[in-house]
Amino acid sequence: MWAKNNPSKLWTPGQTLRIAFLNGTEEFKTATIAAANNWLPHINLKFDFVEGIEGDIRILSREGEFSSSIGTDALLKIDEQTMTLWPHSPIHARYFAANVMHEFGHMLGAEHEQTNPTANIPWDKPAFYKQHGLTAQPEEDDAQASATRQRLHDWYLDRAAPSESIYSEYDRKSIMHYVIHQSWTEGGFQNFLNLVLSEKDKAFMAKAYPCPV
């Protein structure tokens, strides 16, 4: 797991975060709280889930999107949601819970694991680009293709600089790791959806939000 080497993005250990639901069914809220609380045994923070718009974190239930501000960047958003979660039916409960834990990982300051400074994914970039509708030649991009290429580099290809990061060893089991398809890589590398917090996830956050001695 890793985070940008910027302490201001981390919350203050011991802090209680008010987490407001802007909308959503009771089933959605209950499932969200249950999944998010998996982080609590490993961090010196408390979550106070409330209704309405007054919260450090504001969750919007909306189809088709999972996203979150990184750490205290949430405080920069005044009149909008800081996290968006895609409600799912109970038959997809494990998938929904995994995505909630992932987005709460971002809320705690973590970035995507496949861009960890020590990640060693053997990308087949031409194949990766092709499967996302791009060529291997960025100079051929129109504006939409250029934006897509930048997003793919941000999410997958560009590893963080060690000097600008705080990180643990690359962890293929991290809840912050995206699925990697075998056809995107060389040598048969692939990574499946992780459904639970890994041991390294827990250890990293325990150091980021330590309990008092």
# chains A, B, ... in the order shown; residues from 1 in each chain; ligands from 1
$ select_by_dssp --residues "region 66-185 of chain A" --states "strand (DSSP E or B)" --output "list in words"
Ser67, Ser68, Met83, Thr84, Leu85, Trp123, Ser165, Ile166, Tyr167, Ile180 and Thr185 of chain A
$ write_last_selection --atoms "all heavy atoms" --output "mmCIF file, in the first residue's frame"
data_model
loop_
_atom_site.group_PDB
_atom_site.id
_atom_site.type_symbol
_atom_site.label_atom_id
_atom_site.label_comp_id
_atom_site.auth_asym_id
_atom_site.auth_seq_id
_atom_site.Cartn_x
_atom_site.Cartn_y
_atom_site.Cartn_z
ATOM 1 N N SER A 67 -16.045 6.284 -6.511
ATOM 2 C CA SER A 67 -14.956 7.257 -6.495
ATOM 3 C C SER A 67 -14.855 7.886 -5.120
ATOM 4 O O SER A 67 -15.800 7.835 -4.326
ATOM 5 C CB SER A 67 -15.171 8.349 -7.552
ATOM 6 O OG SER A 67 -16.326 9.110 -7.249
ATOM 7 N N SER A 68 -13.696 8.483 -4.834
ATOM 8 C CA SER A 68 -13.516 9.169 -3.553
ATOM 9 C C SER A 68 -12.382 10.168 -3.647
ATOM 10 O O SER A 68 -11.392 9.954 -4.358
ATOM 11 C CB SER A 68 -13.194 8.165 -2.443
ATOM 12 O OG SER A 68 -12.917 8.838 -1.217
ATOM 13 N N MET A 83 -17.454 11.335 -1.876
ATOM 14 C CA MET A 83 -17.378 9.918 -2.222
ATOM 15 C C MET A 83 -18.669 9.529 -2.938
ATOM 16 O O MET A 83 -19.753 9.974 -2.540
ATOM 17 C CB MET A 83 -17.201 9.052 -0.963
ATOM 18 C CG MET A 83 -17.035 7.557 -1.234
ATOM 19 S SD MET A 83 -16.919 6.565 0.296
ATOM 20 C CE MET A 83 -15.397 7.210 1.023
ATOM 21 N N THR A 84 -18.528 8.734 -3.979
ATOM 22 C CA THR A 84 -19.694 8.220 -4.706
ATOM 23 C C THR A 84 -19.633 6.704 -4.709
ATOM 24 O O THR A 84 -18.587 6.118 -5.030
ATOM 25 C CB THR A 84 -19.725 8.748 -6.150
ATOM 26 O OG1 THR A 84 -19.688 10.170 -6.147
ATOM 27 C CG2 THR A 84 -20.972 8.278 -6.883
ATOM 28 N N LEU A 85 -20.729 6.064 -4.329
ATOM 29 C CA LEU A 85 -20.794 4.608 -4.262
ATOM 30 C C LEU A 85 -21.972 4.115 -5.102
ATOM 31 O O LEU A 85 -23.064 4.684 -5.047
ATOM 32 C CB LEU A 85 -20.951 4.135 -2.815
ATOM 33 C CG LEU A 85 -19.832 4.531 -1.847
ATOM 34 C CD1 LEU A 85 -20.169 4.071 -0.433
ATOM 35 C CD2 LEU A 85 -18.490 3.948 -2.288
ATOM 36 N N TRP A 123 3.875 -4.941 -17.903
ATOM 37 C CA TRP A 123 2.855 -4.486 -18.849
ATOM 38 C C TRP A 123 3.255 -4.772 -20.291
ATOM 39 O O TRP A 123 4.410 -4.569 -20.681
ATOM 40 C CB TRP A 123 2.634 -2.982 -18.702
ATOM 41 C CG TRP A 123 2.077 -2.561 -17.384
ATOM 42 C CD1 TRP A 123 2.745 -1.922 -16.375
ATOM 43 C CD2 TRP A 123 0.722 -2.722 -16.927
ATOM 44 N NE1 TRP A 123 1.912 -1.689 -15.318
ATOM 45 C CE2 TRP A 123 0.653 -2.163 -15.628
ATOM 46 C CE3 TRP A 123 -0.420 -3.276 -17.490
ATOM 47 C CZ2 TRP A 123 -0.509 -2.149 -14.888
ATOM 48 C CZ3 TRP A 123 -1.595 -3.264 -16.754
ATOM 49 C CH2 TRP A 123 -1.629 -2.711 -15.473
ATOM 50 N N SER A 165 6.710 9.490 -1.854
ATOM 51 C CA SER A 165 5.713 8.538 -1.376
ATOM 52 C C SER A 165 6.084 7.982 -0.010
ATOM 53 O O SER A 165 7.254 7.951 0.377
ATOM 54 C CB SER A 165 5.603 7.361 -2.356
ATOM 55 O OG SER A 165 5.493 7.794 -3.683
ATOM 56 N N ILE A 166 5.064 7.552 0.708
ATOM 57 C CA ILE A 166 5.260 6.668 1.850
ATOM 58 C C ILE A 166 4.589 5.354 1.457
ATOM 59 O O ILE A 166 3.461 5.351 0.965
ATOM 60 C CB ILE A 166 4.660 7.254 3.143
ATOM 61 C CG1 ILE A 166 3.199 7.655 2.974
ATOM 62 C CG2 ILE A 166 5.475 8.438 3.629
ATOM 63 C CD1 ILE A 166 2.535 8.134 4.235
ATOM 64 N N TYR A 167 5.302 4.247 1.627
ATOM 65 C CA TYR A 167 4.799 3.018 1.032
ATOM 66 C C TYR A 167 5.344 1.788 1.737
ATOM 67 O O TYR A 167 6.385 1.821 2.400
ATOM 68 C CB TYR A 167 5.166 2.962 -0.453
ATOM 69 C CG TYR A 167 6.655 3.048 -0.744
ATOM 70 C CD1 TYR A 167 7.434 1.904 -0.901
ATOM 71 C CD2 TYR A 167 7.289 4.294 -0.850
ATOM 72 C CE1 TYR A 167 8.789 2.000 -1.169
ATOM 73 C CE2 TYR A 167 8.636 4.389 -1.116
ATOM 74 C CZ TYR A 167 9.387 3.237 -1.279
ATOM 75 O OH TYR A 167 10.744 3.328 -1.529
ATOM 76 N N ILE A 180 -6.122 -6.818 -12.972
ATOM 77 C CA ILE A 180 -5.204 -6.765 -14.112
ATOM 78 C C ILE A 180 -5.442 -8.008 -14.960
ATOM 79 O O ILE A 180 -5.245 -9.136 -14.493
ATOM 80 C CB ILE A 180 -3.726 -6.724 -13.669
ATOM 81 C CG1 ILE A 180 -3.473 -5.570 -12.689
ATOM 82 C CG2 ILE A 180 -2.805 -6.643 -14.878
ATOM 83 C CD1 ILE A 180 -3.617 -4.200 -13.279
ATOM 84 N N THR A 185 -0.653 -7.980 -20.090
ATOM 85 C CA THR A 185 0.706 -8.120 -19.579
ATOM 86 C C THR A 185 1.495 -9.171 -20.352
ATOM 87 O O THR A 185 0.948 -9.918 -21.166
ATOM 88 C CB THR A 185 0.691 -8.526 -18.097
ATOM 89 O OG1 THR A 185 0.156 -9.854 -17.984
ATOM 90 C CG2 THR A 185 -0.143 -7.569 -17.261
#
$ residues_around --residues "region 38-45 of chain A" --least-positions-apart "6" --cutoff "7 Å" --atoms "only C-alpha atoms" --output "PyMOL selection string"
chain A and resi 13-16+202+205-206+209-211
$ residues_around --residues "His177 (chain A)" --least-positions-apart "5" --cutoff "6 Å" --atoms "only C-alpha atoms" --output "PyMOL selection string"
chain A and resi 112-114
$ residues_around --residues "Tyr178 (chain A)" --least-positions-apart "2" --cutoff "10 Å" --atoms "only C-alpha atoms" --output "mmCIF file with N, CA and C atoms, in the first residue's frame"
data_model
loop_
_atom_site.group_PDB
_atom_site.id
_atom_site.type_symbol
_atom_site.label_atom_id
_atom_site.label_comp_id
_atom_site.auth_asym_id
_atom_site.auth_seq_id
_atom_site.Cartn_x
_atom_site.Cartn_y
_atom_site.Cartn_z
ATOM 1 N N HIS A 102 -12.342 -0.210 -0.725
ATOM 2 C CA HIS A 102 -11.383 0.455 -1.615
ATOM 3 C C HIS A 102 -11.553 1.974 -1.539
ATOM 4 N N HIS A 112 -3.782 3.951 -5.572
ATOM 5 C CA HIS A 112 -3.926 2.641 -6.204
ATOM 6 C C HIS A 112 -2.630 1.827 -6.102
ATOM 7 N N GLU A 113 -2.779 0.579 -5.702
ATOM 8 C CA GLU A 113 -1.611 -0.248 -5.423
ATOM 9 C C GLU A 113 -0.800 -0.581 -6.673
ATOM 10 N N GLN A 114 -1.438 -0.672 -7.829
ATOM 11 C CA GLN A 114 -0.684 -1.002 -9.034
ATOM 12 C C GLN A 114 0.287 0.097 -9.435
ATOM 13 N N THR A 115 0.180 1.287 -8.811
ATOM 14 C CA THR A 115 1.145 2.351 -9.038
ATOM 15 C C THR A 115 2.103 2.523 -7.856
ATOM 16 N N TRP A 155 -3.943 5.655 -13.545
ATOM 17 C CA TRP A 155 -4.555 4.556 -12.799
ATOM 18 C C TRP A 155 -3.724 3.286 -12.804
ATOM 19 N N TYR A 156 -2.928 3.073 -13.855
ATOM 20 C CA TYR A 156 -2.267 1.783 -14.009
ATOM 21 C C TYR A 156 -0.753 1.856 -14.209
ATOM 22 N N ARG A 172 0.045 -7.516 -4.053
ATOM 23 C CA ARG A 172 -0.960 -7.927 -5.033
ATOM 24 C C ARG A 172 -2.311 -8.223 -4.380
ATOM 25 N N LYS A 173 -2.327 -8.430 -3.071
ATOM 26 C CA LYS A 173 -3.579 -8.733 -2.372
ATOM 27 C C LYS A 173 -4.259 -7.495 -1.808
ATOM 28 N N SER A 174 -3.669 -6.325 -2.018
ATOM 29 C CA SER A 174 -4.219 -5.093 -1.438
ATOM 30 C C SER A 174 -5.623 -4.809 -1.957
ATOM 31 N N ILE A 175 -6.463 -4.301 -1.076
ATOM 32 C CA ILE A 175 -7.805 -3.869 -1.475
ATOM 33 C C ILE A 175 -7.723 -2.692 -2.437
ATOM 34 N N MET A 176 -6.567 -2.034 -2.501
ATOM 35 C CA MET A 176 -6.387 -0.887 -3.374
ATOM 36 C C MET A 176 -5.886 -1.275 -4.763
ATOM 37 N N ILE A 180 -6.122 -6.818 -12.972
ATOM 38 C CA ILE A 180 -5.204 -6.765 -14.112
ATOM 39 C C ILE A 180 -5.442 -8.008 -14.960
ATOM 40 N N HIS A 181 -5.870 -7.827 -16.197
ATOM 41 C CA HIS A 181 -6.136 -8.963 -17.071
ATOM 42 C C HIS A 181 -4.847 -9.497 -17.686
ATOM 43 N N ASN A 191 -4.057 -10.214 -12.099
ATOM 44 C CA ASN A 191 -4.469 -9.990 -10.715
ATOM 45 C C ASN A 191 -5.981 -9.920 -10.648
ATOM 46 N N PHE A 192 -6.552 -10.699 -9.742
ATOM 47 C CA PHE A 192 -7.997 -10.782 -9.624
ATOM 48 C C PHE A 192 -8.509 -9.746 -8.622
ATOM 49 N N LEU A 193 -9.822 -9.614 -8.566
ATOM 50 C CA LEU A 193 -10.437 -8.686 -7.623
ATOM 51 C C LEU A 193 -10.177 -9.146 -6.196
ATOM 52 N N ASN A 194 -9.622 -8.261 -5.386
ATOM 53 C CA ASN A 194 -9.416 -8.550 -3.969
ATOM 54 C C ASN A 194 -10.659 -8.139 -3.190
#
$ closest_residue --among "A:Asp201, A:Asp79, A:Glu169, A:Glu164" --to "Lys4 (chain A)" --atoms "only C-alpha atoms"
A:Glu164
$ select_by_dssp --residues "region 133-213 of chain A" --states "alpha helix (DSSP H)" --output "list in words"
Ala143, Gln144, Ala145, Ser146, Ala147, Thr148, Arg149, Gln150, Arg151, Leu152, Glu199, Lys200, Asp201, Lys202, Ala203, Phe204, Met205, Ala206, Lys207 and Ala208 of chain A
$ write_last_selection --atoms "C-alpha atoms" --output "short mmCIF file (atom, residue, chain, number, x, y, z; two decimals), in the first residue's frame"
data_model
loop_
_atom_site.label_atom_id
_atom_site.label_comp_id
_atom_site.auth_asym_id
_atom_site.auth_seq_id
_atom_site.Cartn_x
_atom_site.Cartn_y
_atom_site.Cartn_z
CA ALA A 143 -8.62 15.02 -27.40
CA GLN A 144 -10.76 12.14 -26.11
CA ALA A 145 -8.07 9.53 -26.74
CA SER A 146 -5.47 11.74 -25.08
CA ALA A 147 -7.63 12.03 -21.97
CA THR A 148 -8.16 8.27 -21.92
CA ARG A 149 -4.42 7.62 -22.25
CA GLN A 150 -3.64 9.99 -19.39
CA ARG A 151 -6.24 8.32 -17.19
CA LEU A 152 -4.81 4.87 -17.94
CA GLU A 199 -2.41 -7.96 6.03
CA LYS A 200 -0.22 -5.27 4.47
CA ASP A 201 -3.23 -2.97 4.12
CA LYS A 202 -3.89 -3.33 7.83
CA ALA A 203 -0.25 -2.84 8.80
CA PHE A 204 0.18 0.26 6.61
CA MET A 205 -2.88 1.98 8.02
CA ALA A 206 -1.90 1.03 11.58
CA LYS A 207 1.34 2.99 11.02
CA ALA A 208 -0.44 5.90 9.31
#
$ atom_distance --atom1 "CA of Thr30 (chain A)" --atom2 "CA of Glu63 (chain A)"
17.2 Å
$ closest_residue --among "A:Asp142, A:Glu27, A:Glu54, A:Glu103" --to "Phe66 (chain A)" --atoms "only C-alpha atoms"
A:Glu103
$ closest_residue --among "A:Lys46, A:Arg62, A:His132, A:Lys9" --to "Trp86 (chain A)" --atoms "only C-alpha atoms"
A:Arg62
$ atom_distance --atom1 "CA of Thr72 (chain A)" --atom2 "CA of Ala110 (chain A)"
11.2 Å
$ closest_residue --among "A:Val179, A:Leu22, A:Leu195, A:Ala161" --to "Ala97 (chain A)" --atoms "only C-alpha atoms"
A:Leu195
$ closest_residue --among "A:Asp171, A:Ile19, A:Thr32, A:Gly188" --to "Tyr95 (chain A)" --atoms "only C-alpha atoms"
A:Thr32
$ closest_residue --among "A:Ser183, A:Glu111, A:Met101, A:Phe49" --to "Tyr129 (chain A)" --atoms "only C-alpha atoms"
A:Ser183
$ residues_around --residues "Gly187 (chain A)" --least-positions-apart "3" --cutoff "10 Å" --atoms "only C-alpha atoms" --output "list in words"
Ile121, Pro122, Trp123, Asp124, Gln182, Ser183 and Gln190 of chain A
$ atom_distance --atom1 "CA of Val50 (chain A)" --atom2 "CA of Gly71 (chain A)"
19.0 Å
